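Novice: Contents of data33.txt (compact mmCIF, C-alpha atoms and all ligand atoms):
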# COMPACT_ATOMS: atom_id res chain seq x y z
CA MET A 1 22.26 -6.56 -7.86
CA ASP A 2 23.80 -7.59 -11.20
CA ASN A 3 24.77 -5.10 -13.80
CA THR A 4 21.89 -5.71 -16.24
CA ASP A 5 19.61 -3.02 -17.60
CA THR A 6 16.42 -3.90 -15.78
CA ARG A 7 16.27 -3.73 -11.99
CA ILE A 8 12.84 -4.13 -10.47
CA LEU A 9 11.23 -3.18 -7.16
CA ILE A 10 7.91 -4.83 -6.19
CA THR A 11 5.71 -3.50 -3.39
CA GLY A 12 3.27 -5.88 -1.70
CA ALA A 13 5.49 -8.80 -2.74
CA HIS A 14 4.00 -11.14 -0.11
CA GLY A 15 0.45 -10.70 -1.41
CA GLN A 16 -1.51 -13.05 -3.67
CA ILE A 17 -0.15 -11.66 -6.96
CA GLY A 18 3.16 -10.42 -5.54
CA THR A 19 4.28 -13.89 -4.42
CA VAL A 20 3.88 -15.37 -7.91
CA LEU A 21 4.90 -12.27 -9.86
CA SER A 22 8.17 -11.90 -7.87
CA ALA A 23 9.11 -15.48 -8.78
CA ALA A 24 8.19 -14.94 -12.46
CA LEU A 25 10.17 -11.69 -12.66
CA ARG A 26 13.17 -13.31 -10.96
CA GLN A 27 13.10 -16.13 -13.45
CA LYS A 28 12.97 -13.65 -16.31
CA TYR A 29 15.39 -10.94 -15.14
CA GLY A 30 17.59 -12.83 -12.67
CA THR A 31 17.03 -13.25 -8.94
CA GLN A 32 19.43 -10.50 -7.99
CA ASN A 33 17.70 -7.97 -10.23
CA VAL A 34 14.35 -8.12 -8.46
CA LEU A 35 13.92 -6.47 -5.06
CA ALA A 36 10.84 -7.77 -3.25
CA THR A 37 9.38 -5.44 -0.60
CA ASP A 38 6.45 -5.81 1.76
CA ILE A 39 5.20 -4.27 4.99
CA ARG A 40 5.44 -7.77 6.51
CA PRO A 41 8.90 -9.10 7.39
CA SER A 42 10.85 -11.46 5.17
CA GLN A 43 9.34 -14.92 4.73
CA LYS A 44 11.48 -17.98 5.45
CA GLU A 45 11.35 -19.14 1.86
CA GLN A 46 12.29 -15.72 0.47
CA ILE A 47 14.85 -16.28 -2.28
CA GLY A 48 16.62 -13.13 -3.42
CA PRO A 49 16.80 -9.52 -2.26
CA PHE A 50 14.09 -8.43 0.19
CA GLU A 51 13.50 -5.21 2.18
CA GLN A 52 10.68 -4.44 4.56
CA LEU A 53 8.84 -1.37 3.26
CA ASP A 54 5.68 0.50 4.21
CA VAL A 55 4.55 2.22 0.99
CA LEU A 56 3.48 5.22 3.08
CA ASP A 57 7.16 5.82 3.89
CA ALA A 58 8.14 7.85 0.80
CA SER A 59 11.70 8.57 1.90
CA ARG A 60 12.52 4.89 2.51
CA LEU A 61 10.97 4.00 -0.86
CA GLU A 62 13.17 6.58 -2.59
CA ALA A 63 16.27 5.47 -0.66
CA LEU A 64 15.71 1.84 -1.76
CA ILE A 65 15.23 2.90 -5.39
CA SER A 66 18.57 4.73 -5.28
CA GLN A 67 20.38 2.03 -3.30
CA TYR A 68 19.32 -0.80 -5.64
CA ARG A 69 19.44 1.39 -8.81
CA ILE A 70 15.85 0.44 -9.62
CA THR A 71 14.58 1.01 -13.19
CA GLN A 72 11.05 -0.49 -12.96
CA ILE A 73 8.42 -0.63 -10.19
CA TYR A 74 5.46 -3.00 -9.79
CA HIS A 75 3.30 -1.33 -7.16
CA LEU A 76 1.00 -4.05 -5.81
CA ALA A 77 0.50 -3.02 -2.15
CA ALA A 78 -3.17 -2.20 -1.51
CA ILE A 79 -6.21 -3.01 0.62
CA LEU A 80 -8.85 -4.96 -1.37
CA SER A 81 -12.62 -4.54 -1.71
CA ALA A 82 -14.11 -6.38 1.27
CA LYS A 83 -11.46 -5.42 3.83
CA GLY A 84 -11.59 -1.87 2.52
CA GLU A 85 -15.22 -1.54 3.57
CA GLU A 86 -14.22 -2.31 7.16
CA MET A 87 -11.74 0.60 7.23
CA PRO A 88 -12.61 3.10 4.49
CA MET A 89 -10.33 5.98 5.49
CA GLN A 90 -7.27 3.81 6.08
CA THR A 91 -7.91 2.08 2.76
CA TRP A 92 -8.11 5.38 0.92
CA ASN A 93 -4.90 6.53 2.58
CA ILE A 94 -2.92 3.35 1.88
CA ASN A 95 -4.21 2.91 -1.68
CA MET A 96 -3.88 6.55 -2.74
CA GLN A 97 -0.91 7.84 -0.73
CA GLY A 98 0.97 4.64 -1.54
CA LEU A 99 0.36 5.26 -5.23
CA PHE A 100 1.35 8.95 -5.00
CA ASN A 101 4.60 8.00 -3.28
CA VAL A 102 5.39 5.54 -6.07
CA LEU A 103 4.41 7.96 -8.88
CA GLU A 104 6.43 10.78 -7.35
CA ALA A 105 9.44 8.52 -6.83
CA GLY A 106 9.04 7.37 -10.44
CA ARG A 107 9.01 10.94 -11.73
CA LYS A 108 11.87 12.21 -9.57
CA LEU A 109 14.18 9.20 -9.86
CA ASP A 110 13.71 8.58 -13.57
CA ILE A 111 11.96 5.20 -13.35
CA LYS A 112 11.66 3.77 -16.86
CA ARG A 113 8.45 1.74 -16.47
CA LEU A 114 5.86 1.34 -13.75
CA PHE A 115 3.01 -1.17 -13.23
CA PHE A 116 -0.15 -0.51 -11.20
CA PRO A 117 -2.96 -3.06 -10.83
CA SER A 118 -6.49 -1.77 -11.28
CA SER A 119 -9.50 -4.07 -11.01
CA ILE A 120 -12.98 -4.92 -12.22
CA ALA A 121 -13.90 -3.15 -8.94
CA ALA A 122 -13.34 0.12 -10.82
CA PHE A 123 -16.77 -0.49 -12.37
CA GLY A 124 -20.00 0.08 -10.47
CA PRO A 125 -23.73 -0.62 -10.58
CA ASP A 126 -24.26 1.83 -13.46
CA SER A 127 -21.68 0.20 -15.75
CA PRO A 128 -22.99 -2.36 -18.28
CA LYS A 129 -22.90 -5.81 -16.65
CA GLU A 130 -22.19 -7.86 -19.75
CA ASP A 131 -19.15 -7.40 -21.97
CA THR A 132 -18.36 -4.28 -19.98
CA PRO A 133 -16.56 -2.01 -22.47
CA GLN A 134 -13.08 -0.59 -21.97
CA LYS A 135 -14.44 2.94 -21.68
CA ALA A 136 -17.63 2.18 -19.69
CA TYR A 137 -18.88 4.70 -17.14
CA ARG A 138 -17.21 3.96 -13.79
CA SER A 139 -18.85 4.94 -10.52
CA PRO A 140 -17.91 2.18 -8.05
CA LEU A 141 -19.56 1.51 -4.68
CA THR A 142 -16.48 0.50 -2.69
CA VAL A 143 -13.58 2.60 -1.37
CA TYR A 144 -11.26 0.13 -3.08
CA GLY A 145 -13.05 0.71 -6.41
CA ILE A 146 -13.00 4.49 -5.97
CA SER A 147 -9.26 4.33 -5.25
CA LYS A 148 -8.76 2.30 -8.45
CA VAL A 149 -10.69 4.78 -10.64
CA ALA A 150 -8.81 7.69 -9.09
CA GLY A 151 -5.53 5.77 -9.41
CA GLU A 152 -6.16 5.07 -13.10
CA ASN A 153 -6.75 8.75 -13.76
CA TRP A 154 -3.56 9.70 -11.90
CA LEU A 155 -1.61 7.22 -14.05
CA LYS A 156 -2.85 9.01 -17.13
CA TYR A 157 -1.97 12.37 -15.57
CA TYR A 158 1.63 11.29 -14.90
CA TYR A 159 1.88 9.86 -18.40
CA LYS A 160 0.58 13.02 -20.11
CA ARG A 161 2.23 15.55 -17.82
CA TYR A 162 5.61 13.94 -17.08
CA GLY A 163 5.92 11.25 -19.75
CA LEU A 164 6.10 8.51 -17.09
CA ASP A 165 5.59 5.10 -18.74
CA VAL A 166 2.91 3.68 -16.43
CA ARG A 167 0.98 0.55 -17.42
CA SER A 168 -2.04 -1.05 -15.80
CA LEU A 169 -4.54 -3.93 -15.98
CA ARG A 170 -8.05 -4.18 -14.58
CA TYR A 171 -7.59 -7.61 -13.02
CA PRO A 172 -10.61 -9.87 -12.58
CA GLY A 173 -10.64 -12.09 -9.46
CA ILE A 174 -7.40 -14.10 -9.55
CA ILE A 175 -7.36 -17.84 -8.86
CA GLY A 176 -4.10 -19.57 -8.01
CA TYR A 177 -2.71 -22.28 -5.73
CA GLN A 178 0.65 -20.68 -4.96
CA SER A 179 -0.65 -17.96 -2.60
CA LEU A 180 -3.84 -17.07 -0.79
CA PRO A 181 -5.84 -13.92 -1.46
CA GLY A 182 -6.91 -11.73 1.44
CA GLY A 183 -9.73 -9.25 1.90
CA GLY A 184 -11.32 -9.56 -1.55
CA THR A 185 -14.85 -10.34 -2.75
CA THR A 186 -13.62 -12.89 -5.29
CA ASP A 187 -11.63 -14.84 -2.63
CA TYR A 188 -14.31 -17.55 -2.47
CA ALA A 189 -13.08 -18.91 -5.82
CA VAL A 190 -9.74 -19.83 -4.21
CA ASP A 191 -11.03 -20.88 -0.75
CA ILE A 192 -13.49 -23.32 -2.31
CA PHE A 193 -10.67 -25.54 -3.63
CA TYR A 194 -9.02 -25.92 -0.21
CA ARG A 195 -12.33 -26.71 1.47
CA ALA A 196 -13.34 -29.12 -1.29
CA VAL A 197 -10.08 -31.06 -0.97
CA GLU A 198 -9.75 -30.91 2.83
CA GLN A 199 -13.36 -31.09 4.05
CA GLY A 200 -15.52 -31.99 1.05
CA GLU A 201 -17.81 -29.02 1.68
CA TYR A 202 -17.82 -25.25 1.45
CA THR A 203 -20.11 -22.45 2.57
CA CYS A 204 -19.98 -19.67 0.01
CA PHE A 205 -20.45 -16.03 1.01
CA LEU A 206 -21.98 -15.22 -2.40
CA LYS A 207 -25.26 -16.46 -3.87
CA ALA A 208 -25.23 -19.46 -6.21
CA ASN A 209 -25.91 -17.43 -9.35
CA THR A 210 -23.45 -14.54 -8.82
CA ARG A 211 -21.46 -14.36 -12.05
CA LEU A 212 -18.09 -12.61 -11.79
CA PRO A 213 -15.08 -12.20 -14.08
CA MET A 214 -12.11 -14.32 -12.92
CA ILE A 215 -8.72 -15.32 -14.30
CA TYR A 216 -6.27 -18.13 -13.60
CA MET A 217 -3.00 -16.96 -12.02
CA ASP A 218 -0.83 -18.14 -14.95
CA ASP A 219 -2.89 -16.03 -17.33
CA ALA A 220 -2.81 -13.01 -14.99
CA ILE A 221 0.99 -13.18 -14.65
CA ARG A 222 1.51 -13.68 -18.39
CA ALA A 223 -0.79 -10.73 -19.14
CA THR A 224 1.23 -8.55 -16.77
CA LEU A 225 4.56 -9.50 -18.33
CA GLU A 226 3.20 -9.15 -21.88
CA LEU A 227 1.78 -5.69 -21.18
CA MET A 228 5.05 -4.57 -19.57
CA GLU A 229 7.02 -5.76 -22.60
CA ALA A 230 4.71 -4.32 -25.24
CA PRO A 231 6.19 -1.53 -27.40
CA ALA A 232 5.02 1.82 -25.99
CA GLN A 233 3.74 2.97 -29.39
CA ASN A 234 1.22 0.07 -29.47
CA LEU A 235 -0.52 1.13 -26.27
CA SER A 236 -3.66 3.22 -26.74
CA ILE A 237 -4.86 3.04 -23.11
CA HIS A 238 -3.11 5.07 -20.42
CA THR A 239 -5.62 4.51 -17.63
CA SER A 240 -5.93 0.69 -17.37
CA TYR A 241 -6.68 -2.16 -19.78
CA ASN A 242 -9.77 -4.36 -19.39
CA LEU A 243 -8.62 -7.97 -19.00
CA ALA A 244 -10.83 -11.06 -19.24
CA GLY A 245 -10.24 -14.71 -18.41
CA ILE A 246 -13.22 -16.86 -17.38
CA SER A 247 -16.62 -15.76 -16.01
CA PHE A 248 -18.59 -18.19 -13.83
CA THR A 249 -20.95 -18.43 -10.86
CA PRO A 250 -20.28 -20.29 -7.58
CA ALA A 251 -22.81 -22.95 -8.70
CA GLU A 252 -20.99 -23.48 -12.01
CA LEU A 253 -17.62 -23.68 -10.25
CA ALA A 254 -19.00 -26.20 -7.73
CA ALA A 255 -20.44 -28.32 -10.57
CA GLU A 256 -17.04 -28.40 -12.29
CA ILE A 257 -15.31 -29.37 -9.01
CA ARG A 258 -17.92 -32.11 -8.51
CA LYS A 259 -16.79 -33.74 -11.77
CA HIS A 260 -13.55 -34.58 -9.90
CA LEU A 261 -14.87 -34.80 -6.32
CA PRO A 262 -18.43 -36.17 -6.71
CA HIS A 263 -19.26 -35.87 -2.98
CA PHE A 264 -18.40 -32.17 -2.76
CA VAL A 265 -21.23 -30.14 -1.19
CA ILE A 266 -21.66 -26.37 -1.48
CA ARG A 267 -23.93 -24.25 0.74
CA TYR A 268 -24.69 -20.57 0.44
CA ALA A 269 -24.70 -17.94 3.21
CA PRO A 270 -24.41 -14.58 1.41
CA ASP A 271 -23.02 -11.71 3.50
CA PHE A 272 -22.12 -8.04 2.80
CA ARG A 273 -19.84 -9.14 -0.06
CA GLN A 274 -22.92 -10.09 -2.11
CA HIS A 275 -23.77 -6.40 -2.41
CA ILE A 276 -20.24 -5.64 -3.66
CA ALA A 277 -20.29 -8.53 -6.15
CA GLU A 278 -23.66 -7.43 -7.55
CA SER A 279 -22.24 -3.99 -8.30
CA TRP A 280 -19.48 -5.46 -10.54
CA PRO A 281 -19.52 -6.64 -14.16
CA GLN A 282 -20.34 -10.25 -15.02
CA THR A 283 -18.26 -10.41 -18.19
CA ILE A 284 -15.59 -8.10 -19.58
CA ASP A 285 -14.83 -6.91 -23.10
CA ASP A 286 -11.05 -6.97 -23.39
CA SER A 287 -10.87 -6.45 -27.15
CA THR A 288 -8.60 -3.39 -26.79
CA ALA A 289 -5.98 -5.49 -24.94
CA ARG A 290 -6.33 -8.20 -27.60
CA LYS A 291 -5.78 -5.64 -30.34
CA ASP A 292 -3.01 -3.51 -28.75
CA TRP A 293 -0.75 -6.22 -27.31
CA GLN A 294 -2.35 -9.46 -28.60
CA TRP A 295 -3.76 -10.59 -25.25
CA GLN A 296 -5.21 -14.10 -25.33
CA PRO A 297 -6.17 -16.09 -22.20
CA ALA A 298 -5.21 -19.78 -22.14
CA PHE A 299 -7.35 -21.16 -19.28
CA ASP A 300 -11.07 -21.96 -19.42
CA LEU A 301 -13.11 -23.20 -16.44
CA LYS A 302 -12.38 -26.89 -17.07
CA LYS A 303 -8.62 -26.44 -17.38
CA MET A 304 -8.45 -24.06 -14.42
CA VAL A 305 -10.33 -26.48 -12.12
CA GLU A 306 -8.12 -29.42 -13.20
CA GLU A 307 -4.95 -27.45 -12.45
CA MET A 308 -6.20 -26.07 -9.13
CA LEU A 309 -7.32 -29.47 -7.83
CA TYR A 310 -4.11 -31.12 -8.96
CA HIS A 311 -1.92 -28.58 -7.14
CA VAL A 312 -4.06 -28.22 -4.01
CA GLN A 313 -4.20 -32.03 -3.63
CA LYS A 314 -0.45 -32.31 -4.28
CA ASN A 315 0.34 -29.63 -1.68
CA LYS A 316 -1.93 -31.39 0.82
CA SER A 317 -0.24 -34.76 0.39
CA THR A 318 3.23 -33.17 0.59
CA THR A 319 2.28 -31.46 3.86
CA GLU A 320 0.73 -34.64 5.26
CA SER A 321 3.74 -36.79 4.42
CA ALA A 322 6.27 -34.27 5.78
CA PRO A 323 8.14 -35.72 8.78
CA MET A 324 7.21 -34.25 12.20
CA LEU A 325 10.12 -32.29 13.65
C1 LIG B 1 -11.35 -8.19 -4.81
O1 LIG B 1 -12.20 -9.08 -4.79
O2 LIG B 1 -11.39 -7.18 -4.10
C2 LIG B 1 -10.20 -8.33 -5.79
C3 LIG B 1 -10.51 -7.61 -7.06
C4 LIG B 1 -11.53 -8.13 -7.97
O3 LIG B 1 -9.91 -6.62 -7.32
N1 LIG B 1 -9.92 -9.69 -6.04
Please express the file's structure as structure tokens.
Ligand code: AKB

Specialist:
Amino acid sequence: MDNTDTRILITGAHGQIGTVLSAALRQKYGTQNVLATDIRPSQKEQIGPFEQLDVLDASRLEALISQYRITQIYHLAAILSAKGEEMPMQTWNINMQGLFNVLEAGRKLDIKRLFFPSSIAAFGPDSPKEDTPQKAYRSPLTVYGISKVAGENWLKYYYKRYGLDVRSLRYPGIIGYQSLPGGGTTDYAVDIFYRAVEQGEYTCFLKANTRLPMIYMDDAIRATLELMEAPAQNLSIHTSYNLAGISFTPAELAAEIRKHLPHFVIRYAPDFRQHIAESWPQTIDDSTARKDWQWQPAFDLKKMVEEMLYHVQKNKSTTESAPML
């Protein structure tokens, strides 16, 4: 790695956010200053330093931090809401023990700044559904959500007790074309674009009128970088910041897609994820983020759908015209 001040380690770098965030951080800090890690082996297109890492392996995590002289960690590795309900104990273990290993490494090895993603899943059926406030009561239904609430409180503990500079966002469902989500309840809002372009139809696992908070990937990445760069004295939240982008229902998303693909058909076959979605907020009040570090989303539903369709169609035609080997 180069001899600059900031050297970053990302866990879960092959995940939906990790794929795009690694590239953005490499562009900003230099390829050699960002170490991507994941439990899955290196991908063919991996550009820059990569190490295979299971976040439950605390000694390997600490060895990598020392070896690469890491100064910042983005800890993204986790099991999401829907998958988490299939394996509650494993999810708790991975999400919590993984976080403890990172926090302890941060404390012991003098990490300067640490990022941990929380989620709208930290809220539950007893939180207000509309404009859910920053400090709303949080009693989530899912193991994933419980691990996020607990995680947020541990961040605050490490900040207060050890002075560790830990920062966090409650991400809405993230929509992007660069990577696929896996195991989440909001995944439909990415899948729908691929099905619309490739097959002209989609069967949604949520009901037509299920409104959820979402955000376009560009906004989510920019929010992450802006929060991580904000002066420490401006930050009033040491659990996790509410973050809002766009809220919509599957029916509204389908109608917007139909403006570009008039023959697109959506059907509904709600499954267990409906219950999870109904326990979450519909819209989020992110005024504290706007005030503390001037957060401002750039993508509305129209712009997001235009961008998604453009990129998904472009990727499809590139794949189709690729020569057979
Ligand atoms: C999920 O659906 O589990 C995630 C999330 C909202 O945290 N996308």

Novice: Kindly provide the residues of stretch 204-296 of chain A that approach stretch 26-50 of chain A to within 12 Å, each paired with its closest atom pair and their distance in Å to one decimal, based on all atoms listed in the file, listed by chain and increasing number, as CSV.

Specialist:
residue,atom,partner,partner_atom,distance
A:Arg222,CA,A:Lys28,CA,11.6
A:Leu225,CA,A:Lys28,CA,9.6
A:Glu229,CA,A:Lys28,CA,11.7

Novice: When the cut-off is 6 Å and you count all atoms listed in the file, which residues lie near ligand LIG 1 (chain B), shown as a ChimeraX atom specification?

Specialist: /A:80-81,119-121,172-173,184-186

Novice: Can you tell me which residues surround A:Leu227 at a distance of at most 9 Å, considering only C-alpha atoms, apart from same-chain residues fewer than 6 positions away, and format the answer as a compact mmCIF listing (two decimals) with C-alpha atoms, keeping the file's coordinate frame?

Specialist:
# COMPACT_ATOMS: atom_id res chain seq x y z
CA ARG A 167 0.98 0.55 -17.42
CA SER A 168 -2.04 -1.05 -15.80
CA LEU A 169 -4.54 -3.93 -15.98
CA LEU A 235 -0.52 1.13 -26.27
CA ALA A 289 -5.98 -5.49 -24.94
CA TRP A 293 -0.75 -6.22 -27.31
CA TRP A 295 -3.76 -10.59 -25.25

Novice: Which one of A:Arg138, A:His260, A:Lys291, A:Arg60 sits closest to A:Glu307 if you count all atoms listed in the file?

Specialist: A:His260

Novice: Using all atoms listed in the file, pick whichever of A:Tyr177, A:Phe100, A:Phe248, A:Tyr137 has the shortest atom-to-atom distance to A:Tyr157.

Specialist: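 Of the candidates, the smallest distance to A:Tyr157 is held by A:Phe100.
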
Novice: Counting only C-alpha atoms, which of A:Lys148, A:Ile65, A:Ala82, A:Ser139 gets nearest to A:Gln274?

Specialist: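 Of all the options, A:Ala82 lies closest to A:Gln274.
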
Novice: Kindly add N, CA and C atoms to the incomplete stretch 302-317 of chain A and provide the output as an mmCIF file, in the frame of the given file.

Specialist:
data_model
loop_
_atom_site.group_PDB
_atom_site.id
_atom_site.type_symbol
_atom_site.label_atom_id
_atom_site.label_comp_id
_atom_site.auth_asym_id
_atom_site.auth_seq_id
_atom_site.Cartn_x
_atom_site.Cartn_y
_atom_site.Cartn_z
ATOM 1 N N LYS A 302 -12.753 -25.481 -17.216
ATOM 2 C CA LYS A 302 -12.380 -26.890 -17.070
ATOM 3 C C LYS A 302 -10.876 -27.036 -16.750
ATOM 4 N N LYS A 303 -10.074 -26.340 -17.540
ATOM 5 C CA LYS A 303 -8.620 -26.440 -17.380
ATOM 6 C C LYS A 303 -8.170 -25.836 -16.039
ATOM 7 N N MET A 304 -8.801 -24.728 -15.680
ATOM 8 C CA MET A 304 -8.450 -24.060 -14.420
ATOM 9 C C MET A 304 -8.745 -24.982 -13.236
ATOM 10 N N VAL A 305 -9.935 -25.613 -13.241
ATOM 11 C CA VAL A 305 -10.330 -26.480 -12.120
ATOM 12 C C VAL A 305 -9.392 -27.700 -12.051
ATOM 13 N N GLU A 306 -9.051 -28.276 -13.191
ATOM 14 C CA GLU A 306 -8.120 -29.420 -13.200
ATOM 15 C C GLU A 306 -6.789 -29.040 -12.551
ATOM 16 N N GLU A 307 -6.258 -27.894 -12.980
ATOM 17 C CA GLU A 307 -4.950 -27.450 -12.450
ATOM 18 C C GLU A 307 -5.021 -27.149 -10.961
ATOM 19 N N MET A 308 -6.077 -26.438 -10.552
ATOM 20 C CA MET A 308 -6.200 -26.070 -9.130
ATOM 21 C C MET A 308 -6.297 -27.329 -8.270
ATOM 22 N N LEU A 309 -7.154 -28.264 -8.664
ATOM 23 C CA LEU A 309 -7.320 -29.470 -7.830
ATOM 24 C C LEU A 309 -6.032 -30.274 -7.792
ATOM 25 N N TYR A 310 -5.372 -30.368 -8.925
ATOM 26 C CA TYR A 310 -4.110 -31.120 -8.960
ATOM 27 C C TYR A 310 -3.111 -30.522 -7.956
ATOM 28 N N HIS A 311 -2.942 -29.211 -7.993
ATOM 29 C CA HIS A 311 -1.920 -28.580 -7.140
ATOM 30 C C HIS A 311 -2.341 -28.544 -5.668
ATOM 31 N N VAL A 312 -3.617 -28.274 -5.415
ATOM 32 C CA VAL A 312 -4.060 -28.220 -4.010
ATOM 33 C C VAL A 312 -3.952 -29.624 -3.391
ATOM 34 N N GLN A 313 -4.307 -30.661 -4.158
ATOM 35 C CA GLN A 313 -4.200 -32.030 -3.630
ATOM 36 C C GLN A 313 -2.731 -32.423 -3.435
ATOM 37 N N LYS A 314 -1.891 -31.998 -4.374
ATOM 38 C CA LYS A 314 -0.450 -32.310 -4.280
ATOM 39 C C LYS A 314 0.155 -31.626 -3.038
ATOM 40 N N ASN A 315 -0.186 -30.358 -2.845
ATOM 41 C CA ASN A 315 0.340 -29.630 -1.680
ATOM 42 C C ASN A 315 -0.127 -30.285 -0.384
ATOM 43 N N LYS A 316 -1.373 -30.759 -0.384
ATOM 44 C CA LYS A 316 -1.930 -31.390 0.820
ATOM 45 C C LYS A 316 -1.156 -32.676 1.129
ATOM 46 N N SER A 317 -0.925 -33.495 0.089
ATOM 47 C CA SER A 317 -0.240 -34.760 0.390
ATOM 48 C C SER A 317 1.214 -34.524 0.757
#
